[in-house]
$ cat target.txt   # compact mmCIF, C-alpha atoms
# COMPACT_ATOMS: atom_id res chain seq x y z
CA MET A 1 -22.44 9.90 -15.29
CA SER A 2 -23.61 11.23 -11.91
CA GLU A 3 -21.34 13.05 -9.47
CA THR A 4 -21.79 10.19 -6.96
CA LEU A 5 -20.60 7.63 -9.49
CA GLN A 6 -17.66 9.73 -10.63
CA ARG A 7 -16.16 10.22 -7.20
CA PRO A 8 -14.32 7.22 -5.75
CA GLY A 9 -16.18 4.98 -3.33
CA PRO A 10 -14.59 3.22 -0.32
CA LEU A 11 -14.29 -0.35 -1.60
CA MET A 12 -11.08 -1.69 -3.10
CA VAL A 13 -11.90 -4.79 -5.13
CA ASP A 14 -10.12 -7.22 -7.46
CA VAL A 15 -10.93 -8.72 -10.85
CA ALA A 16 -11.00 -12.37 -11.75
CA GLY A 17 -8.50 -12.88 -14.56
CA THR A 18 -6.40 -11.33 -17.30
CA ALA A 19 -9.38 -9.72 -19.06
CA LEU A 20 -12.58 -8.23 -17.67
CA SER A 21 -15.71 -10.31 -17.40
CA HIS A 22 -19.16 -8.76 -17.52
CA GLU A 23 -19.41 -9.23 -13.74
CA ASP A 24 -16.07 -7.44 -13.29
CA GLU A 25 -17.36 -4.49 -15.31
CA GLN A 26 -20.54 -4.28 -13.27
CA LEU A 27 -18.59 -4.45 -10.02
CA LEU A 28 -16.17 -1.69 -11.01
CA ALA A 29 -19.01 0.56 -12.14
CA HIS A 30 -20.78 0.43 -8.77
CA PRO A 31 -20.70 3.72 -6.78
CA ALA A 32 -19.31 1.92 -3.73
CA VAL A 33 -16.10 1.06 -5.58
CA GLY A 34 -13.19 3.47 -5.86
CA SER A 35 -10.11 1.33 -6.22
CA ALA A 36 -8.93 -1.99 -7.61
CA ILE A 37 -5.93 -4.13 -6.72
CA ILE A 38 -4.07 -6.23 -9.28
CA PHE A 39 -2.64 -9.66 -8.43
CA THR A 40 -0.23 -12.05 -10.16
CA ARG A 41 -3.17 -14.00 -11.60
CA ASN A 42 -4.15 -10.87 -13.54
CA TYR A 43 -0.78 -10.64 -15.29
CA GLU A 44 0.56 -12.33 -18.43
CA ASP A 45 2.80 -9.65 -19.92
CA PRO A 46 3.05 -5.85 -19.92
CA ALA A 47 0.91 -5.36 -23.04
CA GLN A 48 -1.90 -7.48 -21.62
CA LEU A 49 -1.77 -5.71 -18.25
CA ALA A 50 -1.86 -2.29 -19.90
CA GLU A 51 -4.97 -3.33 -21.82
CA LEU A 52 -6.56 -4.73 -18.65
CA THR A 53 -6.05 -1.51 -16.69
CA ALA A 54 -7.34 0.53 -19.64
CA ALA A 55 -10.45 -1.64 -19.78
CA MET A 56 -10.93 -1.22 -16.04
CA ARG A 57 -10.91 2.55 -16.46
CA ARG A 58 -13.34 2.33 -19.34
CA ALA A 59 -15.66 0.45 -16.99
CA ARG A 60 -15.03 2.95 -14.19
CA PRO A 61 -13.35 6.28 -14.81
CA ASN A 62 -11.46 7.73 -11.85
CA LEU A 63 -10.45 4.26 -10.63
CA LEU A 64 -7.35 4.08 -8.44
CA ILE A 65 -5.43 0.95 -9.48
CA VAL A 66 -2.83 -0.40 -7.06
CA ALA A 67 -0.62 -3.45 -6.59
CA ASP A 68 1.48 -4.98 -3.82
CA GLN A 69 4.74 -4.24 -5.63
CA GLU A 70 7.21 -3.65 -2.80
CA GLY A 71 10.21 -5.55 -4.11
CA GLY A 72 11.73 -8.69 -2.66
CA ARG A 73 9.23 -11.47 -2.00
CA VAL A 74 6.23 -9.15 -2.33
CA GLN A 75 6.27 -8.34 -6.04
CA ARG A 76 3.21 -9.30 -8.09
CA PHE A 77 4.79 -8.70 -11.51
CA ARG A 78 8.22 -10.20 -12.15
CA ASP A 79 8.65 -11.26 -15.77
CA HIS A 80 9.48 -8.18 -17.90
CA PHE A 81 9.75 -6.11 -14.70
CA THR A 82 12.86 -5.36 -12.69
CA ARG A 83 13.06 -7.81 -9.80
CA VAL A 84 13.56 -5.23 -7.10
CA VAL A 85 15.62 -6.04 -4.00
CA PRO A 86 13.97 -6.43 -0.59
CA MET A 87 14.00 -3.21 1.39
CA ARG A 88 16.45 -4.74 3.87
CA ALA A 89 19.10 -4.50 1.12
CA ILE A 90 18.64 -0.72 1.01
CA GLY A 91 18.76 -0.57 4.78
CA ALA A 92 22.05 -2.51 4.77
CA LEU A 93 23.53 -0.01 2.32
CA ALA A 94 22.34 2.90 4.48
CA ALA A 95 24.05 1.34 7.51
CA ARG A 96 27.35 1.54 5.61
CA ASP A 97 26.73 4.82 3.80
CA GLN A 98 23.67 6.85 4.74
CA ALA A 99 23.77 9.16 1.73
CA ALA A 100 24.10 6.23 -0.67
CA GLY A 101 21.22 4.46 1.05
CA LEU A 102 18.95 7.49 0.70
CA ASP A 103 19.84 7.86 -2.97
CA ALA A 104 19.16 4.16 -3.53
CA ALA A 105 15.77 4.34 -1.81
CA ARG A 106 14.82 7.32 -3.96
CA GLU A 107 15.85 5.65 -7.21
CA ILE A 108 14.23 2.32 -6.34
CA GLY A 109 10.99 4.14 -5.51
CA TRP A 110 11.13 5.89 -8.87
CA LEU A 111 11.87 2.59 -10.61
CA LEU A 112 8.94 0.78 -8.98
CA ALA A 113 6.45 3.52 -9.81
CA THR A 114 7.76 4.13 -13.32
CA GLU A 115 7.47 0.49 -14.34
CA LEU A 116 3.96 0.32 -12.88
CA ALA A 117 2.95 3.49 -14.72
CA GLN A 118 3.90 1.85 -18.01
CA VAL A 119 1.08 -0.66 -17.51
CA GLY A 120 -1.50 1.71 -16.01
CA VAL A 121 -1.03 0.93 -12.30
CA ASP A 122 -1.20 4.11 -10.23
CA MET A 123 0.75 3.17 -7.14
CA PRO A 124 2.39 0.35 -5.23
CA LEU A 125 1.13 -0.23 -1.70
CA ALA A 126 4.53 0.70 -0.27
CA PRO A 127 6.71 1.32 1.62
CA VAL A 128 6.69 -1.02 4.61
CA VAL A 129 7.52 1.16 7.62
CA ASP A 130 7.52 -1.63 10.19
CA LEU A 131 10.67 -2.13 12.24
CA ASP A 132 12.54 -5.41 11.86
CA TYR A 133 12.81 -7.03 15.30
CA GLY A 134 13.85 -10.35 13.81
CA ALA A 135 10.63 -11.97 15.05
CA SER A 136 8.00 -11.49 12.36
CA THR A 137 8.21 -13.83 9.40
CA VAL A 138 5.52 -11.89 7.52
CA ILE A 139 7.55 -8.66 7.75
CA GLY A 140 11.18 -9.78 7.89
CA ASP A 141 13.24 -8.43 4.99
CA ARG A 142 10.32 -6.31 3.78
CA ALA A 143 11.46 -3.83 6.45
CA PHE A 144 14.36 -1.45 5.84
CA SER A 145 15.85 -1.83 9.29
CA GLY A 146 15.24 -2.22 13.00
CA ASP A 147 16.24 1.39 13.61
CA ALA A 148 13.34 3.86 13.62
CA ALA A 149 15.31 6.86 12.33
CA THR A 150 16.75 4.83 9.46
CA VAL A 151 13.33 3.47 8.52
CA GLY A 152 11.77 6.93 8.54
CA ALA A 153 14.52 8.47 6.42
CA LEU A 154 14.56 5.67 3.85
CA ALA A 155 10.77 5.56 3.63
CA GLN A 156 10.73 9.31 3.00
CA ALA A 157 13.35 8.96 0.27
CA LEU A 158 11.52 6.08 -1.41
CA GLY A 159 8.33 8.16 -1.27
CA GLU A 160 10.11 11.02 -3.00
CA GLY A 161 11.01 8.64 -5.81
CA LEU A 162 7.43 7.44 -6.06
CA ARG A 163 6.15 11.00 -6.29
CA ASP A 164 8.78 11.90 -8.88
CA ALA A 165 7.25 9.17 -11.05
CA GLY A 166 3.69 10.47 -10.56
CA SER A 167 2.76 8.01 -7.83
CA ALA A 168 2.17 8.15 -4.06
CA SER A 169 3.22 6.44 -0.83
CA THR A 170 1.26 4.13 1.44
CA ALA A 171 3.17 3.64 4.69
CA LYS A 172 2.26 0.37 6.37
CA HIS A 173 1.29 -1.12 8.81
CA PHE A 174 0.36 1.52 11.43
CA PRO A 175 1.20 1.57 14.30
CA GLY A 176 3.67 -1.29 13.71
CA HIS A 177 3.54 -4.97 12.76
CA GLY A 178 7.20 -5.95 13.10
CA TYR A 179 7.23 -6.91 16.80
CA VAL A 180 4.65 -9.71 16.77
CA VAL A 181 5.37 -13.22 15.51
CA ALA A 182 1.84 -14.08 14.33
CA ASP A 183 0.88 -13.45 10.68
CA SER A 184 -2.24 -11.28 10.40
CA HIS A 185 -3.10 -12.97 7.10
CA ALA A 186 -3.98 -16.06 9.13
CA GLU A 187 -4.84 -14.82 12.64
CA LEU A 188 -5.16 -11.72 14.81
CA PRO A 189 -1.75 -10.94 16.36
CA VAL A 190 -1.64 -9.38 19.82
CA ASP A 191 1.08 -6.90 20.78
CA GLU A 192 1.06 -6.38 24.55
CA ARG A 193 3.21 -3.22 24.53
CA ASP A 194 1.82 0.10 25.70
CA ARG A 195 2.31 3.47 24.01
CA THR A 196 5.78 3.83 25.54
CA GLY A 197 6.80 0.46 24.17
CA LEU A 198 5.34 1.31 20.76
CA ALA A 199 7.00 4.73 20.52
CA GLU A 200 9.89 3.57 18.32
CA ASP A 201 7.54 1.76 15.90
CA MET A 202 5.39 4.86 15.58
CA ALA A 203 8.23 7.36 15.24
CA PRO A 204 8.71 6.90 11.45
CA TYR A 205 5.04 7.71 10.89
CA GLY A 206 5.35 10.95 12.81
CA ALA A 207 8.31 11.97 10.68
CA LEU A 208 6.61 11.00 7.42
CA ILE A 209 3.38 12.80 8.30
CA LYS A 210 5.31 16.01 8.92
CA GLN A 211 6.66 15.67 5.37
CA GLY A 212 3.19 15.24 3.82
CA LEU A 213 2.63 11.48 3.77
CA ASP A 214 -0.03 10.51 1.20
CA SER A 215 -1.65 7.48 2.81
CA VAL A 216 -1.35 4.90 5.58
CA MET A 217 -2.39 1.27 5.81
CA MET A 218 -3.51 0.04 9.22
CA ALA A 219 -2.30 -3.13 10.94
CA HIS A 220 -4.64 -6.01 11.71
CA VAL A 221 -2.98 -6.21 15.10
CA ARG A 222 -4.55 -5.78 18.54
CA TYR A 223 -2.73 -3.66 21.14
CA PRO A 224 -4.80 -4.29 24.30
CA ALA A 225 -2.85 -1.77 26.37
CA VAL A 226 -4.25 0.91 24.04
CA ASP A 227 -7.54 -0.52 22.71
CA ASP A 228 -9.26 -3.92 22.57
CA LEU A 229 -10.05 -3.60 18.86
CA PRO A 230 -7.46 -4.26 16.13
CA ALA A 231 -5.85 -0.99 15.04
CA SER A 232 -7.46 -1.38 11.60
CA LEU A 233 -10.95 -1.18 13.13
CA SER A 234 -10.22 1.13 16.04
CA PRO A 235 -11.51 4.72 16.38
CA ARG A 236 -8.95 5.15 19.15
CA TRP A 237 -6.04 4.35 16.85
CA ILE A 238 -7.30 6.06 13.69
CA ASN A 239 -9.37 9.06 14.72
CA GLU A 240 -7.82 9.87 18.09
CA ILE A 241 -4.16 8.94 17.62
CA LEU A 242 -3.37 8.94 13.89
CA ARG A 243 -5.58 11.86 12.90
CA GLY A 244 -5.86 13.66 16.25
CA GLU A 245 -2.41 13.37 17.84
CA TYR A 246 -0.37 13.00 14.65
CA GLY A 247 -2.44 15.37 12.52
CA PHE A 248 -2.62 12.98 9.58
CA ASP A 249 -5.08 14.22 6.94
CA GLY A 250 -4.38 11.75 4.12
CA CYS A 251 -6.08 8.51 3.15
CA VAL A 252 -6.31 5.60 5.56
CA PHE A 253 -6.43 2.10 4.07
CA CYS A 254 -7.77 -0.73 6.16
CA ASP A 255 -5.81 -3.90 5.53
CA ASP A 256 -7.67 -6.60 3.59
CA LEU A 257 -10.98 -7.36 5.30
CA THR A 258 -10.76 -11.02 4.25
CA MET A 259 -7.58 -11.60 6.29
CA GLY A 260 -7.56 -13.68 9.44
CA GLY A 261 -6.69 -10.63 11.50
CA ALA A 262 -10.06 -9.10 10.60
CA ALA A 263 -12.08 -12.33 10.69
CA ALA A 264 -11.95 -12.28 14.48
CA ILE A 265 -14.33 -9.29 14.40
CA GLY A 266 -17.69 -10.41 13.01
CA ASP A 267 -18.86 -11.00 9.46
CA PHE A 268 -17.86 -8.90 6.45
CA ALA A 269 -20.62 -6.34 6.99
CA GLU A 270 -19.58 -5.87 10.61
CA ARG A 271 -15.91 -5.52 9.68
CA ALA A 272 -16.72 -2.94 7.00
CA ARG A 273 -19.00 -1.02 9.34
CA ARG A 274 -16.38 -0.90 12.07
CA ALA A 275 -13.63 0.09 9.64
CA GLN A 276 -15.61 3.03 8.32
CA GLN A 277 -16.69 4.13 11.79
CA ALA A 278 -13.06 3.99 12.87
CA GLY A 279 -12.04 6.32 10.04
CA CYS A 280 -10.79 4.07 7.23
CA ASP A 281 -11.24 5.65 3.78
CA TYR A 282 -10.50 2.51 1.74
CA LEU A 283 -11.77 -0.98 2.50
CA PRO A 284 -9.88 -3.68 0.56
CA ILE A 285 -11.91 -6.84 0.02
CA CYS A 286 -9.69 -9.28 -1.86
CA ASN A 287 -10.05 -12.76 -3.32
CA ASP A 288 -13.67 -13.15 -2.26
CA ARG A 289 -16.08 -11.98 -4.94
CA SER A 290 -19.17 -13.00 -2.97
CA ALA A 291 -18.09 -10.83 -0.03
CA ALA A 292 -17.34 -7.90 -2.33
CA LEU A 293 -20.80 -8.13 -3.90
CA ASP A 294 -22.42 -8.35 -0.48
CA LEU A 295 -20.71 -5.15 0.67
CA LEU A 296 -21.70 -3.01 -2.32
CA ASP A 297 -24.93 -1.89 -0.70
CA VAL A 298 -23.61 -2.04 2.88
CA VAL A 299 -20.77 0.46 2.92
CA ARG A 300 -21.39 4.17 3.31
CA ILE A 301 -20.76 6.32 0.24
CA ASP A 302 -22.23 9.58 1.61
CA ASP A 303 -19.23 10.61 3.75
CA ASP A 304 -18.04 13.70 1.90
CA THR A 305 -14.88 14.13 4.01
CA SER A 306 -13.71 10.59 3.34
CA ALA A 307 -14.58 10.89 -0.37
CA ALA A 308 -12.53 14.09 -0.56
CA ARG A 309 -9.51 12.32 0.91
CA ARG A 310 -9.86 9.53 -1.65
CA GLN A 311 -10.19 12.04 -4.46
CA ALA A 312 -7.08 13.87 -3.26
CA LEU A 313 -5.08 10.64 -3.39
CA HIS A 314 -6.38 9.94 -6.91
CA THR A 315 -5.28 13.42 -7.94
CA ARG A 316 -1.78 12.91 -6.51
CA CYS A 317 -1.52 9.79 -8.64
CA GLY A 318 -2.14 11.69 -11.84
CA ARG A 319 -0.67 9.52 -14.55
CA LEU A 320 2.30 11.22 -16.18
CA GLU A 321 2.43 11.46 -19.95
CA GLN A 322 4.39 8.47 -21.16
CA PRO A 323 7.58 9.23 -23.12
CA ALA A 324 7.62 8.39 -26.81
CA ARG A 325 10.87 6.44 -26.50
CA PRO A 326 10.91 2.99 -24.86
CA LEU A 327 11.65 2.92 -21.14
CA ALA A 328 14.78 0.83 -21.81
CA GLU A 329 16.29 3.88 -23.55
CA ASN A 330 15.70 6.11 -20.51
CA ALA A 331 19.02 6.88 -18.81
CA ARG A 332 17.50 7.15 -15.33
CA TRP A 333 15.82 3.77 -15.76
CA GLN A 334 19.09 2.22 -16.94
CA ASN A 335 20.93 3.63 -13.94
CA ALA A 336 18.22 2.51 -11.50
CA VAL A 337 18.26 -1.04 -12.90
CA ALA A 338 22.05 -1.16 -12.61
CA LEU A 339 21.84 0.13 -9.04
CA ASN A 340 19.24 -2.52 -8.18
CA ALA A 341 21.50 -5.24 -9.63
CA GLN A 342 24.42 -3.99 -7.54
CA LEU A 343 22.24 -3.95 -4.40
CA ALA A 344 21.06 -7.49 -5.12
CA GLU A 345 24.64 -8.75 -5.53
CA GLU A 346 25.80 -7.10 -2.31
CA TYR A 347 22.76 -8.33 -0.40
CA ASN A 348 23.12 -11.91 -1.58
CA ASP A 349 26.86 -11.90 -0.85
CA GLY A 350 26.16 -10.70 2.68
CA ARG A 351 23.53 -13.30 3.54

$ encode --input "target.txt" --output "structure tokens"
Amino acid sequence: MSETLQRPGPLMVDVAGTALSHEDEQLLAHPAVGSAIIFTRNYEDPAQLAELTAAMRRARPNLLIVADQEGGRVQRFRDHFTRVVPMRAIGALAARDQAAGLDAAREIGWLLATELAQVGVDMPLAPVVDLDYGASTVIGDRAFSGDAATVGALAQALGEGLRDAGSASTAKHFPGHGYVVADSHAELPVDERDRTGLAEDMAPYGALIKQGLDSVMMAHVRYPAVDDLPASLSPRWINEILRGEYGFDGCVFCDDLTMGGAAAIGDFAERARRAQQAGCDYLPICNDRSAALDLLDVVRIDDDTSAARRQALHTRCGRLEQPARPLAENARWQNAVALNAQLAEEYNDGR
């Protein structure tokens, strides 16, 4: 296998079902692909998912496999997995007892990543670092809190748990999606605030970057006081602010290029071109196989700096050797599950 094929390409793609088709195998093997995202439709049970991810890596070694497994309403795998509380539940605990909240975030992060590792998924696309202003229905209880310092501290603790389980963090959605009402899955939200108004939303990212944040996902939100382009496709936001001002040297994920927030900016080729020019390392293209196939020979794969950032993230997600004993016999797992159940009871009682 050539060096170009071995190193991860910029496209993040999906697969059709619970087992690989021949077309899936060909797609994963293409040099432009470096990552794959798993959805609920790809899941029947843990044994099946473990075989699917193993088959994906047989088709493409060095494949980063991710899932939107945040907890709460964004959890792709539920049956035979712990149904993790929304992050707001951890934030509520932290408001009562900061130390307990930090411990809970750390253990829930470990729990999420450990259960994913059992089935061959490298990392959840988490945590959400948006502030909860009470306006955004798409963010809502996915956020820890409306307080920037609390969000930064809890996100750092959850990231420590992820790393402890051999995974990595993806803080999202930079520079902040919690203020706008519109859902970027369906349309392009516009946040009229300037940099001063956005300072609180951006503060958790600054704190996380100083602690060695692994990766960031950009927001499909336009901030016209800063730049006319959505942040996800903006050199101003990614290269000048995130990398230049904040000194971030990890991976940058664009949000899904099939979302309504990206559709406002040209066809798929134009969106991919702009995302790469802006500095995105990963380009998710989800639930549209035709678009994914069209982009295979469009995206750049010769950017050595971007490829090195992707490879570094893959290395951080080195899969830990699985213990011989079942996870259910692991004392830390038992304690984390019990903690999650307690958080769920307290959260539901307080609603």

$ closest_atom_pairs --input "target.txt" --of "region 44-93 of chain A" --to "region 138-152 of chain A" --cutoff "10 Å" --atoms "all atoms listed in the file" --output "JSON lines"
{"residue": "A:Glu70", "atom": "CA", "partner": "A:Arg142", "partner_atom": "CA", "distance": 7.7}
{"residue": "A:Gly71", "atom": "CA", "partner": "A:Arg142", "partner_atom": "CA", "distance": 7.9}
{"residue": "A:Gly72", "atom": "CA", "partner": "A:Arg142", "partner_atom": "CA", "distance": 7.0}
{"residue": "A:Arg73", "atom": "CA", "partner": "A:Arg142", "partner_atom": "CA", "distance": 7.8}
{"residue": "A:Val74", "atom": "CA", "partner": "A:Arg142", "partner_atom": "CA", "distance": 7.9}
{"residue": "A:Val85", "atom": "CA", "partner": "A:Arg142", "partner_atom": "CA", "distance": 9.4}
{"residue": "A:Pro86", "atom": "CA", "partner": "A:Arg142", "partner_atom": "CA", "distance": 5.7}
{"residue": "A:Met87", "atom": "CA", "partner": "A:Phe144", "partner_atom": "CA", "distance": 4.8}
{"residue": "A:Arg88", "atom": "CA", "partner": "A:Phe144", "partner_atom": "CA", "distance": 4.4}
{"residue": "A:Ala89", "atom": "CA", "partner": "A:Phe144", "partner_atom": "CA", "distance": 7.4}
{"residue": "A:Ile90", "atom": "CA", "partner": "A:Phe144", "partner_atom": "CA", "distance": 6.5}
{"residue": "A:Gly91", "atom": "CA", "partner": "A:Phe144", "partner_atom": "CA", "distance": 4.6}
{"residue": "A:Ala92", "atom": "CA", "partner": "A:Ser145", "partner_atom": "CA", "distance": 7.7}
{"residue": "A:Leu93", "atom": "CA", "partner": "A:Phe144", "partner_atom": "CA", "distance": 9.9}

$ closest_residue --input "target.txt" --among "A:Thr170, A:Arg106, A:Cys254, A:His177" --to "Thr137 (chain A)" --atoms "only C-alpha atoms"
A:His177

$ atom_distance --input "target.txt" --atom1 "CA of Asp302 (chain A)" --atom2 "CA of Leu63 (chain A)"
17.8 Å

$ residues_near_point --input "target.txt" --point "(0.4, 9.5, 19.7)" --cutoff "9 Å" --atoms "all atoms listed in the file" --output "NGL selection string"
:A and (195 or 199 or 202 or 206 or 237 or 240-242 or 244-246)

$ residues_around --input "target.txt" --residues "Thr82 (chain A)" --least-positions-apart "6" --cutoff "10 Å" --atoms "only C-alpha atoms" --output "list of chain:residue names"
A:Gly71, A:Gln75, A:Leu111, A:Leu112, A:Glu115, A:Ala336, A:Val337, A:Asn340, A:Ala341

$ closest_residue --input "target.txt" --among "A:Asn62, A:Gln118, A:Ser167, A:Gln26" --to "Leu49 (chain A)" --atoms "all atoms listed in the file"
A:Gln118

$ atom_distance --input "target.txt" --atom1 "CA of Asp132 (chain A)" --atom2 "CA of Arg222 (chain A)"
18.4 Å

$ closest_residue --input "target.txt" --among "A:Glu23, A:Glu44, A:Asp14, A:Asp267" --to "Leu64 (chain A)" --atoms "all atoms listed in the file"
A:Asp14

$ residues_around --input "target.txt" --residues "His173 (chain A)" --least-positions-apart "4" --cutoff "10 Å" --atoms "only C-alpha atoms" --output "list in words"
Ala126, Pro127, Val128, Val129, Asp130, Ile139, His177, Gly178, Asp201, Met202, Tyr205, Val216, Met217, Met218, Ala219, His220, Val221, Ala231, Ser232, Phe253, Cys254 and Asp255 of chain A

$ closest_residue --input "target.txt" --among "A:Gln342, A:Thr114, A:Gln334, A:Gln69" --to "Ile38 (chain A)" --atoms "all atoms listed in the file"
A:Gln69

$ residues_around --input "target.txt" --residues "Val13 (chain A)" --least-positions-apart "4" --cutoff "10 Å" --atoms "all atoms listed in the file" --output "ChimeraX atom specification"
/A:24,27-28,33-38,65,256,283-289,292-293

$ write_last_selection --input "target.txt" --atoms "C-alpha atoms" --output "compact mmCIF listing (two decimals), keeping the file's coordinate frame"
# COMPACT_ATOMS: atom_id res chain seq x y z
CA ASP A 24 -16.07 -7.44 -13.29
CA LEU A 27 -18.59 -4.45 -10.02
CA LEU A 28 -16.17 -1.69 -11.01
CA VAL A 33 -16.10 1.06 -5.58
CA GLY A 34 -13.19 3.47 -5.86
CA SER A 35 -10.11 1.33 -6.22
CA ALA A 36 -8.93 -1.99 -7.61
CA ILE A 37 -5.93 -4.13 -6.72
CA ILE A 38 -4.07 -6.23 -9.28
CA ILE A 65 -5.43 0.95 -9.48
CA ASP A 256 -7.67 -6.60 3.59
CA LEU A 283 -11.77 -0.98 2.50
CA PRO A 284 -9.88 -3.68 0.56
CA ILE A 285 -11.91 -6.84 0.02
CA CYS A 286 -9.69 -9.28 -1.86
CA ASN A 287 -10.05 -12.76 -3.32
CA ASP A 288 -13.67 -13.15 -2.26
CA ARG A 289 -16.08 -11.98 -4.94
CA ALA A 292 -17.34 -7.90 -2.33
CA LEU A 293 -20.80 -8.13 -3.90

$ atom_distance --input "target.txt" --atom1 "CA of Ala29 (chain A)" --atom2 "CA of Arg60 (chain A)"
5.1 Å

$ decode --input "target.txt" --residues "region 258-274 of chain A" --atoms "N, CA and C atoms" --output "PDB file, in the first residue's frame"
ATOM      1  N   THR A 258     -23.291  18.545   3.981  1.00  0.00           N
ATOM      2  CA  THR A 258     -24.626  18.374   3.414  1.00  0.00           C
ATOM      3  C   THR A 258     -25.674  19.168   4.190  1.00  0.00           C
ATOM      4  N   MET A 259     -25.301  19.810   5.290  1.00  0.00           N
ATOM      5  CA  MET A 259     -26.271  20.530   6.117  1.00  0.00           C
ATOM      6  C   MET A 259     -26.731  21.821   5.437  1.00  0.00           C
ATOM      7  N   GLY A 260     -27.896  22.281   5.850  1.00  0.00           N
ATOM      8  CA  GLY A 260     -28.447  23.496   5.280  1.00  0.00           C
ATOM      9  C   GLY A 260     -27.558  24.706   5.485  1.00  0.00           C
ATOM     10  N   GLY A 261     -26.822  24.724   6.601  1.00  0.00           N
ATOM     11  CA  GLY A 261     -25.936  25.840   6.866  1.00  0.00           C
ATOM     12  C   GLY A 261     -24.797  25.954   5.879  1.00  0.00           C
ATOM     13  N   ALA A 262     -24.440  24.858   5.216  1.00  0.00           N
ATOM     14  CA  ALA A 262     -23.396  24.892   4.182  1.00  0.00           C
ATOM     15  C   ALA A 262     -23.992  25.038   2.793  1.00  0.00           C
ATOM     16  N   ALA A 263     -25.236  24.605   2.613  1.00  0.00           N
ATOM     17  CA  ALA A 263     -25.863  24.609   1.289  1.00  0.00           C
ATOM     18  C   ALA A 263     -26.008  26.017   0.728  1.00  0.00           C
ATOM     19  N   ALA A 264     -25.977  27.018   1.607  1.00  0.00           N
ATOM     20  CA  ALA A 264     -26.087  28.395   1.143  1.00  0.00           C
ATOM     21  C   ALA A 264     -24.862  28.842   0.353  1.00  0.00           C
ATOM     22  N   ILE A 265     -23.782  28.049   0.421  1.00  0.00           N
ATOM     23  CA  ILE A 265     -22.512  28.437  -0.223  1.00  0.00           C
ATOM     24  C   ILE A 265     -22.179  27.453  -1.341  1.00  0.00           C
ATOM     25  N   GLY A 266     -22.858  27.534  -2.455  1.00  0.00           N
ATOM     26  CA  GLY A 266     -22.478  26.784  -3.647  1.00  0.00           C
ATOM     27  C   GLY A 266     -22.764  25.296  -3.581  1.00  0.00           C
ATOM     28  N   ASP A 267     -22.284  24.581  -4.607  1.00  0.00           N
ATOM     29  CA  ASP A 267     -22.466  23.138  -4.676  1.00  0.00           C
ATOM     30  C   ASP A 267     -21.441  22.441  -3.782  1.00  0.00           C
ATOM     31  N   PHE A 268     -21.468  21.104  -3.779  1.00  0.00           N
ATOM     32  CA  PHE A 268     -20.586  20.371  -2.868  1.00  0.00           C
ATOM     33  C   PHE A 268     -19.111  20.640  -3.162  1.00  0.00           C
ATOM     34  N   ALA A 269     -18.749  20.705  -4.418  1.00  0.00           N
ATOM     35  CA  ALA A 269     -17.353  20.959  -4.773  1.00  0.00           C
ATOM     36  C   ALA A 269     -16.903  22.323  -4.263  1.00  0.00           C
ATOM     37  N   GLU A 270     -17.780  23.321  -4.381  1.00  0.00           N
ATOM     38  CA  GLU A 270     -17.444  24.661  -3.911  1.00  0.00           C
ATOM     39  C   GLU A 270     -17.328  24.684  -2.384  1.00  0.00           C
ATOM     40  N   ARG A 271     -18.223  24.003  -1.706  1.00  0.00           N
ATOM     41  CA  ARG A 271     -18.162  23.957  -0.244  1.00  0.00           C
ATOM     42  C   ARG A 271     -16.864  23.287   0.226  1.00  0.00           C
ATOM     43  N   ALA A 272     -16.516  22.169  -0.422  1.00  0.00           N
ATOM     44  CA  ALA A 272     -15.299  21.450  -0.045  1.00  0.00           C
ATOM     45  C   ALA A 272     -14.065  22.300  -0.326  1.00  0.00           C
ATOM     46  N   ARG A 273     -14.066  22.971  -1.467  1.00  0.00           N
ATOM     47  CA  ARG A 273     -12.920  23.821  -1.818  1.00  0.00           C
ATOM     48  C   ARG A 273     -12.750  24.934  -0.795  1.00  0.00           C
ATOM     49  N   ARG A 274     -13.843  25.584  -0.454  1.00  0.00           N
ATOM     50  CA  ARG A 274     -13.770  26.683   0.509  1.00  0.00           C
ATOM     51  C   ARG A 274     -13.351  26.180   1.890  1.00  0.00           C
TER      52      ARG A 274
END
